[in-house]
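As stored in run37.json (JSON, C-alpha atoms):
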[["chain", "number", "residue", "atom", "x", "y", "z"],
["A", 22, "MET", "CA", 5.26, 4.32, 15.16],
["A", 23, "LYS", "CA", 3.44, 1.10, 14.34],
["A", 24, "VAL", "CA", 3.31, -0.56, 10.92],
["A", 25, "LEU", "CA", 0.39, -2.92, 10.28],
["A", 26, "ALA", "CA", 0.52, -5.31, 7.32],
["A", 27, "LEU", "CA", -2.96, -5.54, 5.82],
["A", 28, "GLY", "CA", -1.80, -7.49, 2.79],
["A", 29, "VAL", "CA", 1.53, -9.16, 2.00],
["A", 30, "GLY", "CA", 0.58, -11.33, -0.97],
["A", 31, "THR", "CA", 0.55, -11.15, -4.75],
["A", 32, "PRO", "CA", -2.09, -11.15, -7.50],
["A", 33, "THR", "CA", -2.61, -14.87, -6.75],
["A", 34, "PRO", "CA", -5.24, -15.27, -4.01],
["A", 35, "THR", "CA", -4.39, -17.77, -1.29],
["A", 36, "VAL", "CA", -6.02, -18.63, 2.02],
["A", 37, "ASN", "CA", -3.34, -16.66, 3.87],
["A", 38, "ASN", "CA", -2.43, -13.73, 1.64],
["A", 39, "TRP", "CA", -3.59, -11.64, -1.28],
["A", 40, "GLY", "CA", -2.34, -8.30, -2.55],
["A", 41, "SER", "CA", -0.41, -5.51, -0.85],
["A", 42, "SER", "CA", -1.35, -2.87, 1.71],
["A", 43, "PHE", "CA", 0.18, -1.35, 4.86],
["A", 44, "VAL", "CA", -1.02, 1.17, 7.43],
["A", 45, "VAL", "CA", 1.34, 3.25, 9.56],
["A", 46, "GLU", "CA", 0.12, 4.79, 12.81],
["A", 47, "TYR", "CA", 2.11, 7.77, 13.99],
["A", 48, "GLY", "CA", 0.66, 10.25, 16.46],
["A", 49, "ASP", "CA", -2.75, 11.27, 15.17],
["A", 50, "SER", "CA", -1.91, 10.24, 11.61],
["A", 51, "LYS", "CA", -2.79, 7.02, 9.82],
["A", 52, "LEU", "CA", -1.01, 6.63, 6.50],
["A", 53, "MET", "CA", -1.80, 3.83, 4.06],
["A", 54, "PHE", "CA", 0.71, 2.49, 1.57],
["A", 55, "ASP", "CA", -1.02, 0.71, -1.31],
["A", 56, "CYS", "CA", -4.61, -0.48, -1.22],
["A", 57, "GLY", "CA", -4.76, -4.02, -2.55],
["A", 58, "PRO", "CA", -7.56, -6.61, -2.37],
["A", 59, "ALA", "CA", -9.79, -6.40, 0.73],
["A", 60, "ALA", "CA", -7.58, -3.74, 2.36],
["A", 61, "THR", "CA", -10.61, -1.88, 3.73],
["A", 62, "ASP", "CA", -12.06, -5.04, 5.26],
["A", 63, "ARG", "CA", -8.71, -5.97, 6.80],
["A", 64, "LEU", "CA", -8.32, -2.44, 8.17],
["A", 65, "VAL", "CA", -11.65, -2.69, 9.99],
["A", 66, "ARG", "CA", -10.93, -6.21, 11.25],
["A", 67, "ALA", "CA", -7.69, -4.85, 12.73],
["A", 68, "GLY", "CA", -9.58, -2.16, 14.66],
["A", 69, "GLY", "CA", -9.19, 0.73, 12.21],
["A", 70, "TYR", "CA", -11.75, 2.56, 10.08],
["A", 71, "PRO", "CA", -11.74, 4.13, 6.60],
["A", 72, "THR", "CA", -12.47, 7.61, 7.98],
["A", 73, "GLU", "CA", -9.18, 7.48, 9.91],
["A", 74, "ILE", "CA", -7.06, 7.27, 6.75],
["A", 75, "GLY", "CA", -5.93, 10.74, 5.76],
["A", 76, "HIS", "CA", -3.14, 9.88, 3.34],
["A", 77, "LEU", "CA", -2.66, 7.09, 0.83],
["A", 78, "PHE", "CA", 0.61, 6.47, -1.03],
["A", 79, "LEU", "CA", 0.47, 4.25, -4.12],
["A", 80, "THR", "CA", 3.63, 2.56, -5.36],
["A", 81, "HIS", "CA", 2.19, 1.69, -8.79],
["A", 82, "LEU", "CA", -1.09, 0.83, -10.44],
["A", 83, "HIS", "CA", -0.98, -2.96, -10.65],
["A", 84, "PHE", "CA", -4.39, -4.20, -9.45],
["A", 85, "ASP", "CA", -3.01, -6.12, -6.47],
["A", 86, "HIS", "CA", -1.86, -2.76, -5.08],
["A", 87, "VAL", "CA", -4.89, -0.57, -5.89],
["A", 88, "VAL", "CA", -8.01, -2.67, -6.53],
["A", 89, "ASP", "CA", -9.62, -1.85, -3.15],
["A", 90, "LEU", "CA", -9.24, 1.90, -3.68],
["A", 91, "PRO", "CA", -12.91, 2.43, -4.64],
["A", 92, "ALA", "CA", -14.02, 0.57, -1.50],
["A", 93, "LEU", "CA", -11.79, 2.71, 0.71],
["A", 94, "LEU", "CA", -12.79, 6.00, -0.93],
["A", 95, "LEU", "CA", -16.53, 5.31, -1.09],
["A", 96, "SER", "CA", -16.82, 3.86, 2.42],
["A", 97, "ARG", "CA", -14.76, 6.77, 3.78],
["A", 98, "TRP", "CA", -17.11, 9.22, 2.05],
["A", 99, "ASP", "CA", -20.26, 7.30, 2.96],
["A", 100, "GLN", "CA", -19.36, 6.98, 6.65],
["A", 101, "GLY", "CA", -17.88, 10.46, 6.98],
["A", 102, "GLY", "CA", -21.01, 12.24, 8.15],
["A", 103, "HIS", "CA", -21.10, 15.99, 7.59],
["A", 104, "TYR", "CA", -17.53, 16.66, 6.57],
["A", 105, "LEU", "CA", -14.19, 14.94, 6.32],
["A", 106, "PRO", "CA", -11.08, 16.58, 4.88],
["A", 107, "PRO", "CA", -10.39, 15.15, 1.42],
["A", 108, "ILE", "CA", -8.08, 12.17, 1.51],
["A", 109, "GLU", "CA", -4.64, 12.91, 0.09],
["A", 110, "ILE", "CA", -3.68, 10.35, -2.56],
["A", 111, "VAL", "CA", -0.07, 10.37, -3.69],
["A", 112, "GLY", "CA", 1.36, 8.20, -6.45],
["A", 113, "PRO", "CA", 3.12, 7.99, -9.80],
["A", 114, "GLN", "CA", 1.62, 8.87, -13.15],
["A", 115, "PRO", "CA", -1.30, 8.53, -13.86],
["A", 116, "THR", "CA", -2.66, 8.43, -10.29],
["A", 117, "ASP", "CA", -4.72, 11.60, -10.71],
["A", 118, "THR", "CA", -6.62, 10.40, -13.79],
["A", 119, "PHE", "CA", -6.98, 6.91, -12.28],
["A", 120, "VAL", "CA", -8.78, 8.33, -9.23],
["A", 121, "GLU", "CA", -10.91, 10.59, -11.44],
["A", 122, "ASP", "CA", -11.88, 7.60, -13.56],
["A", 123, "LEU", "CA", -13.18, 5.89, -10.43],
["A", 124, "ILE", "CA", -15.12, 8.52, -8.48],
["A", 125, "GLY", "CA", -15.08, 11.62, -10.68],
["A", 126, "ARG", "CA", -18.26, 13.14, -12.12],
["A", 127, "GLN", "CA", -17.93, 10.80, -15.10],
["A", 128, "GLY", "CA", -16.22, 8.02, -13.18],
["A", 129, "ALA", "CA", -17.12, 4.34, -12.96],
["A", 130, "PHE", "CA", -18.94, 4.77, -9.62],
["A", 131, "ARG", "CA", -20.86, 7.92, -10.57],
["A", 132, "HIS", "CA", -24.20, 6.05, -10.64],
["A", 133, "ASP", "CA", -23.79, 4.84, -7.05],
["A", 134, "ILE", "CA", -22.67, 8.29, -5.91],
["A", 135, "GLU", "CA", -25.54, 10.05, -7.67],
["A", 136, "ALA", "CA", -28.05, 7.66, -6.05],
["A", 137, "ARG", "CA", -26.66, 8.22, -2.56],
["A", 138, "ILE", "CA", -26.71, 11.98, -3.07],
["A", 139, "GLY", "CA", -30.21, 12.16, -4.60],
["A", 140, "PHE", "CA", -32.37, 9.38, -3.14],
["A", 141, "PRO", "CA", -34.42, 10.62, -0.13],
["A", 142, "GLY", "CA", -33.77, 7.47, 1.91],
["A", 143, "SER", "CA", -30.03, 7.81, 1.39],
["A", 144, "GLN", "CA", -30.25, 11.49, 2.27],
["A", 145, "GLN", "CA", -31.95, 10.58, 5.55],
["A", 146, "VAL", "CA", -29.21, 8.09, 6.44],
["A", 147, "PHE", "CA", -26.65, 10.79, 5.66],
["A", 148, "MET", "CA", -28.42, 13.28, 7.93],
["A", 149, "ASN", "CA", -28.75, 10.69, 10.68],
["A", 150, "ARG", "CA", -24.95, 10.42, 10.62],
["A", 151, "GLY", "CA", -24.64, 14.17, 11.13],
["A", 152, "GLY", "CA", -24.69, 15.28, 7.52],
["A", 153, "VAL", "CA", -26.18, 18.49, 6.22],
["A", 154, "LEU", "CA", -27.87, 18.61, 2.81],
["A", 155, "PRO", "CA", -27.05, 19.03, 0.02],
["A", 156, "ARG", "CA", -24.69, 16.09, 0.23],
["A", 157, "PRO", "CA", -21.33, 16.88, -1.42],
["A", 158, "TRP", "CA", -19.63, 14.74, -4.03],
["A", 159, "PRO", "CA", -16.67, 12.76, -2.60],
["A", 160, "GLU", "CA", -13.52, 14.85, -2.68],
["A", 161, "THR", "CA", -9.93, 13.75, -3.04],
["A", 162, "ASN", "CA", -6.64, 15.53, -3.50],
["A", 163, "SER", "CA", -4.50, 13.52, -5.90],
["A", 164, "THR", "CA", -0.82, 14.38, -6.27],
["A", 165, "VAL", "CA", 1.44, 12.83, -8.89],
["A", 166, "VAL", "CA", 5.02, 12.41, -7.68],
["A", 167, "ALA", "CA", 8.25, 11.09, -9.14],
["A", 168, "ALA", "CA", 11.50, 9.84, -7.67],
["A", 169, "GLY", "CA", 13.04, 12.53, -5.46],
["A", 170, "ASP", "CA", 9.75, 14.22, -4.59],
["A", 171, "SER", "CA", 8.67, 14.40, -0.96],
["A", 172, "TYR", "CA", 5.43, 14.96, 0.92],
["A", 173, "GLU", "CA", 5.18, 16.21, 4.50],
["A", 174, "GLY", "CA", 2.56, 15.86, 7.21],
["A", 175, "ASP", "CA", 2.28, 16.34, 10.96],
["A", 176, "GLY", "CA", 5.72, 15.25, 12.16],
["A", 177, "TRP", "CA", 6.40, 12.92, 9.23],
["A", 178, "ARG", "CA", 7.92, 13.10, 5.78],
["A", 179, "VAL", "CA", 7.56, 10.66, 2.86],
["A", 180, "THR", "CA", 10.13, 10.64, 0.05],
["A", 181, "ALA", "CA", 9.59, 8.81, -3.22],
["A", 182, "GLY", "CA", 12.31, 6.82, -4.96],
["A", 183, "HIS", "CA", 12.60, 4.88, -8.20],
["A", 184, "ALA", "CA", 11.68, 1.19, -8.11],
["A", 185, "GLN", "CA", 12.63, -0.99, -11.08],
["A", 186, "HIS", "CA", 9.60, -3.08, -12.00],
["A", 187, "VAL", "CA", 7.60, -2.98, -15.26],
["A", 188, "GLN", "CA", 8.71, 0.28, -16.87],
["A", 189, "PRO", "CA", 7.80, 1.71, -19.33],
["A", 190, "TYR", "CA", 4.33, 0.20, -18.97],
["A", 191, "LEU", "CA", 3.83, 1.46, -15.42],
["A", 192, "ASP", "CA", 5.90, 3.86, -13.37],
["A", 193, "SER", "CA", 6.84, 2.30, -10.03],
["A", 194, "LEU", "CA", 7.93, 4.00, -6.82],
["A", 195, "ALA", "CA", 9.31, 3.05, -3.42],
["A", 196, "TYR", "CA", 8.67, 5.27, -0.38],
["A", 197, "ARG", "CA", 10.67, 6.20, 2.69],
["A", 198, "LEU", "CA", 8.76, 7.41, 5.74],
["A", 199, "GLU", "CA", 10.73, 9.47, 8.27],
["A", 200, "THR", "CA", 9.47, 10.34, 11.75],
["A", 201, "ASP", "CA", 11.01, 11.17, 15.10],
["A", 202, "SER", "CA", 10.39, 7.53, 16.01],
["A", 203, "GLY", "CA", 12.33, 6.07, 13.12],
["A", 204, "SER", "CA", 12.31, 5.39, 9.40],
["A", 205, "VAL", "CA", 10.59, 2.77, 7.26],
["A", 206, "VAL", "CA", 10.97, 2.00, 3.55],
["A", 207, "PHE", "CA", 8.34, 0.26, 1.41],
["A", 208, "THR", "CA", 9.79, -1.00, -1.86],
["A", 209, "GLY", "CA", 6.46, -1.81, -3.48],
["A", 210, "ASP", "CA", 7.36, -4.08, -6.37],
["A", 211, "THR", "CA", 10.97, -3.86, -7.49],
["A", 212, "GLY", "CA", 13.92, -5.74, -8.77],
["A", 213, "PRO", "CA", 17.30, -5.10, -7.15],
["A", 214, "CYS", "CA", 18.37, -1.54, -7.96],
["A", 215, "ASP", "CA", 20.75, 1.09, -6.61],
["A", 216, "GLU", "CA", 17.96, 3.66, -6.30],
["A", 217, "VAL", "CA", 16.10, 1.61, -3.69],
["A", 218, "VAL", "CA", 19.36, 1.02, -1.81],
["A", 219, "GLN", "CA", 20.01, 4.77, -1.73],
["A", 220, "LEU", "CA", 16.47, 5.49, -0.58],
["A", 221, "ALA", "CA", 16.75, 2.89, 2.20],
["A", 222, "THR", "CA", 20.25, 3.79, 3.42],
["A", 223, "GLY", "CA", 20.30, 3.78, 7.22],
["A", 224, "ALA", "CA", 16.57, 3.05, 7.59],
["A", 225, "ASP", "CA", 15.31, 1.15, 10.61],
["A", 226, "VAL", "CA", 13.09, -1.19, 8.61],
["A", 227, "LEU", "CA", 12.92, -2.20, 4.94],
["A", 228, "TYR", "CA", 9.76, -3.89, 3.66],
["A", 229, "SER", "CA", 10.85, -5.67, 0.49],
["A", 230, "MET", "CA", 9.01, -7.91, -1.91],
["A", 231, "CYS", "CA", 10.05, -11.57, -1.83],
["A", 232, "TRP", "CA", 8.33, -13.21, -4.77],
["A", 233, "ASP", "CA", 9.67, -16.73, -4.34],
["A", 234, "LEU", "CA", 12.81, -18.67, -3.48],
["A", 235, "GLN", "CA", 15.69, -17.22, -5.46],
["A", 236, "GLY", "CA", 16.55, -20.39, -7.37],
["A", 237, "ASP", "CA", 12.94, -20.98, -8.36],
["A", 238, "MET", "CA", 12.67, -17.41, -9.62],
["A", 239, "ARG", "CA", 15.73, -17.88, -11.83],
["A", 240, "ARG", "CA", 14.55, -21.27, -13.06],
["A", 241, "MET", "CA", 11.09, -19.93, -13.94],
["A", 242, "GLY", "CA", 12.41, -16.72, -15.48],
["A", 243, "GLU", "CA", 10.55, -14.63, -12.87],
["A", 244, "ASP", "CA", 13.49, -12.66, -11.49],
["A", 245, "ASN", "CA", 13.08, -9.73, -13.88],
["A", 246, "GLY", "CA", 11.79, -6.67, -12.01],
["A", 247, "GLN", "CA", 11.28, -8.61, -8.79],
["A", 248, "THR", "CA", 13.35, -9.47, -5.74],
["A", 249, "GLY", "CA", 13.59, -12.78, -3.97],
["A", 250, "PRO", "CA", 15.05, -13.41, -0.51],
["A", 251, "ILE", "CA", 18.69, -13.19, -1.61],
["A", 252, "THR", "CA", 18.37, -10.03, -3.70],
["A", 253, "ALA", "CA", 16.17, -8.42, -1.03],
["A", 254, "GLY", "CA", 18.80, -9.35, 1.56],
["A", 255, "GLN", "CA", 21.57, -7.92, -0.59],
["A", 256, "MET", "CA", 19.74, -4.60, -0.90],
["A", 257, "ALA", "CA", 19.11, -4.55, 2.86],
["A", 258, "ALA", "CA", 22.81, -5.22, 3.52],
["A", 259, "ALA", "CA", 23.96, -2.56, 1.06],
["A", 260, "ALA", "CA", 21.58, -0.03, 2.63],
["A", 261, "GLY", "CA", 22.61, -0.90, 6.18],
["A", 262, "VAL", "CA", 19.06, -1.24, 7.47],
["A", 263, "GLY", "CA", 18.27, -2.72, 10.85],
["A", 264, "THR", "CA", 15.41, -5.05, 9.94],
["A", 265, "LEU", "CA", 14.35, -6.65, 6.67],
["A", 266, "VAL", "CA", 10.68, -7.63, 6.39],
["A", 267, "LEU", "CA", 9.88, -10.02, 3.54],
["A", 268, "VAL", "CA", 6.50, -9.26, 1.97],
["A", 269, "HIS", "CA", 4.66, -9.65, -1.34],
["A", 270, "HIS", "CA", 5.38, -13.37, -1.43],
["A", 271, "GLY", "CA", 3.76, -15.81, -3.81],
["A", 272, "PRO", "CA", 1.83, -19.01, -3.04],
["A", 273, "ASN", "CA", 4.95, -21.18, -3.03],
["A", 274, "LEU", "CA", 6.04, -19.39, 0.13],
["A", 275, "ASP", "CA", 2.84, -20.33, 1.95],
["A", 276, "VAL", "CA", 4.58, -23.63, 2.67],
["A", 277, "ASP", "CA", 6.35, -23.54, 6.06],
["A", 278, "GLU", "CA", 9.45, -25.29, 4.73],
["A", 279, "HIS", "CA", 9.80, -22.76, 1.93],
["A", 280, "ARG", "CA", 9.30, -19.86, 4.34],
["A", 281, "ARG", "CA", 12.13, -21.12, 6.52],
["A", 282, "GLN", "CA", 14.30, -21.47, 3.43],
["A", 283, "ALA", "CA", 13.47, -17.91, 2.33],
["A", 284, "ILE", "CA", 14.56, -16.58, 5.73],
["A", 285, "GLU", "CA", 17.78, -18.61, 5.55],
["A", 286, "GLU", "CA", 18.52, -17.29, 2.06],
["A", 287, "ALA", "CA", 18.04, -13.69, 3.21],
["A", 288, "GLU", "CA", 20.15, -14.28, 6.33],
["A", 289, "SER", "CA", 22.97, -15.71, 4.19],
["A", 290, "VAL", "CA", 23.62, -12.22, 2.76],
["A", 291, "PHE", "CA", 22.19, -9.92, 5.46],
["A", 292, "ASP", "CA", 23.38, -9.78, 9.09],
["A", 293, "GLY", "CA", 20.41, -7.86, 10.47],
["A", 294, "ARG", "CA", 17.04, -9.09, 11.64],
["A", 295, "VAL", "CA", 14.87, -10.88, 9.05],
["A", 296, "VAL", "CA", 11.09, -11.12, 9.49],
["A", 297, "PHE", "CA", 8.81, -13.13, 7.22],
["A", 298, "ALA", "CA", 5.54, -11.18, 7.31],
["A", 299, "ASP", "CA", 2.03, -12.57, 7.46],
["A", 300, "GLU", "CA", -1.14, -10.60, 7.00],
["A", 301, "GLY", "CA", -1.87, -8.81, 10.27],
["A", 302, "LEU", "CA", 1.74, -8.45, 11.36],
["A", 303, "ALA", "CA", 2.10, -5.36, 13.56],
["A", 304, "LEU", "CA", 5.63, -4.04, 13.94],
["A", 305, "ASP", "CA", 6.71, -1.26, 16.29],
["A", 306, "VAL", "CA", 9.45, 0.96, 14.89],
["A", 307, "GLY", "CA", 11.58, 2.96, 17.27]]

Since I need it in another form, could you write the structure as structure tokens?
Amino acid sequence: MKVLALGVGTPTPTVNNWGSSFVVEYGDSKLMFDCGPAATDRLVRAGGYPTEIGHLFLTHLHFDHVVDLPALLLSRWDQGGHYLPPIEIVGPQPTDTFVEDLIGRQGAFRHDIEARIGFPGSQQVFMNRGGVLPRPWPETNSTVVAAGDSYEGDGWRVTAGHAQHVQPYLDSLAYRLETDSGSVVFTGDTGPCDEVVQLATGADVLYSMCWDLQGDMRRMGEDNGQTGPITAGQMAAAAGVGTLVLVHHGPNLDVDEHRRQAIEEAESVFDGRVVFADEGLALDVG
């Protein structure tokens, strides 16, 4: 099982990082977790393709985790030729209405979709790619899940857990992926909470947000609903994971000195392996 980090940043764009997205390759499956800014572009640059993504798991609906969803869905549909199975989109409330608002019959991108279905030139391109008219509307299967729910695929299982972030404004989830090769947990955005620890107990790898250095977060009042290197390390230690990967880090951690300090802070409370992730990091699990 390989985990590829497409995005490990925050809502603040920097030269190195912006937004959150991960792709897991396991057997014939490619699962995406979150779909933040430019995730589709980064997927292609890494050698993947939108048509290969069969399942997408959303942690919550902050834009830095979902803003590239229309690009992924529309390019997947546009490049899919005659027929692709509908992508399975799993997430918290209101994921189903969110997707419908984007590419449904009355969705924001309905004008683009209608043009590609109806214009003769677009129909010809579709047929040249192996399509058969009439061209179907893009299909998705959207499933709303809550903490404790699970979703199974070909040799893998994803379980959702509660993540403490910006409730009650948005529901937030963490996910644990289990395969024969190992187990990986994606916290999404969360503050330190027992539910994430329980979800991650015994996992091989924990991908945890690391907003900023812990002292700076306290000083700025930004430690509510978010983890820094110490609180992420404490959760990793309590869960007994093998590796902690620090992701979703803000622009202050683009500075090498601050990155080294973040690793040291995490290592001060966690005895396992600590990895500070950059965009493009590929990690083999198991």

* Which of these residues is nearest to Glu285 (chain A), using only C-alpha atoms: A:Asp62, A:Ser202, A:Gln235, A:His270? -> A:Gln235

* Asked: From the set A:Val262, A:Val29, A:Val65, A:Leu198, which residue has the shortest atom-to-atom contact distance to Glu173 (chain A), counting only C-alpha atoms?
  ->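 With only C-alpha atoms as the atom set, the closest residue is A:Leu198.
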
* To do: Skip Tyr70 (chain A) itself and residues of its chain fewer than 6 positions away, then list as a ChimeraX atom specification all residues within 12 Å of it, counting all atoms listed in the file.
  => /A:44,51,53,60-64,92-94,96-98,100-101

* May I have the residues within 6 Å of region 290-307 of chain A as number ranges by chain, using all atoms listed in the file and disregarding those fewer than 4 positions away in the same chain? => A: 22-29, 202-203, 254-255, 258, 263-268

* Asked: Near region 114-116 of chain A, within 9 Å and counting all atoms listed in the file, which residues show up once chain neighbours fewer than 4 positions away are dropped, as JSON, numbers by chain?
  -> {"A": [79, 81, 82, 110, 120, 121, 163, 164, 165, 166, 167, 191, 192, 193]}

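Shortest separation to Ser289 (chain A) among A:Glu46, A:Gly128, A:Ile251, A:Pro157 occurs at residue A:Ile251, atoms counted being all atoms listed in the file.
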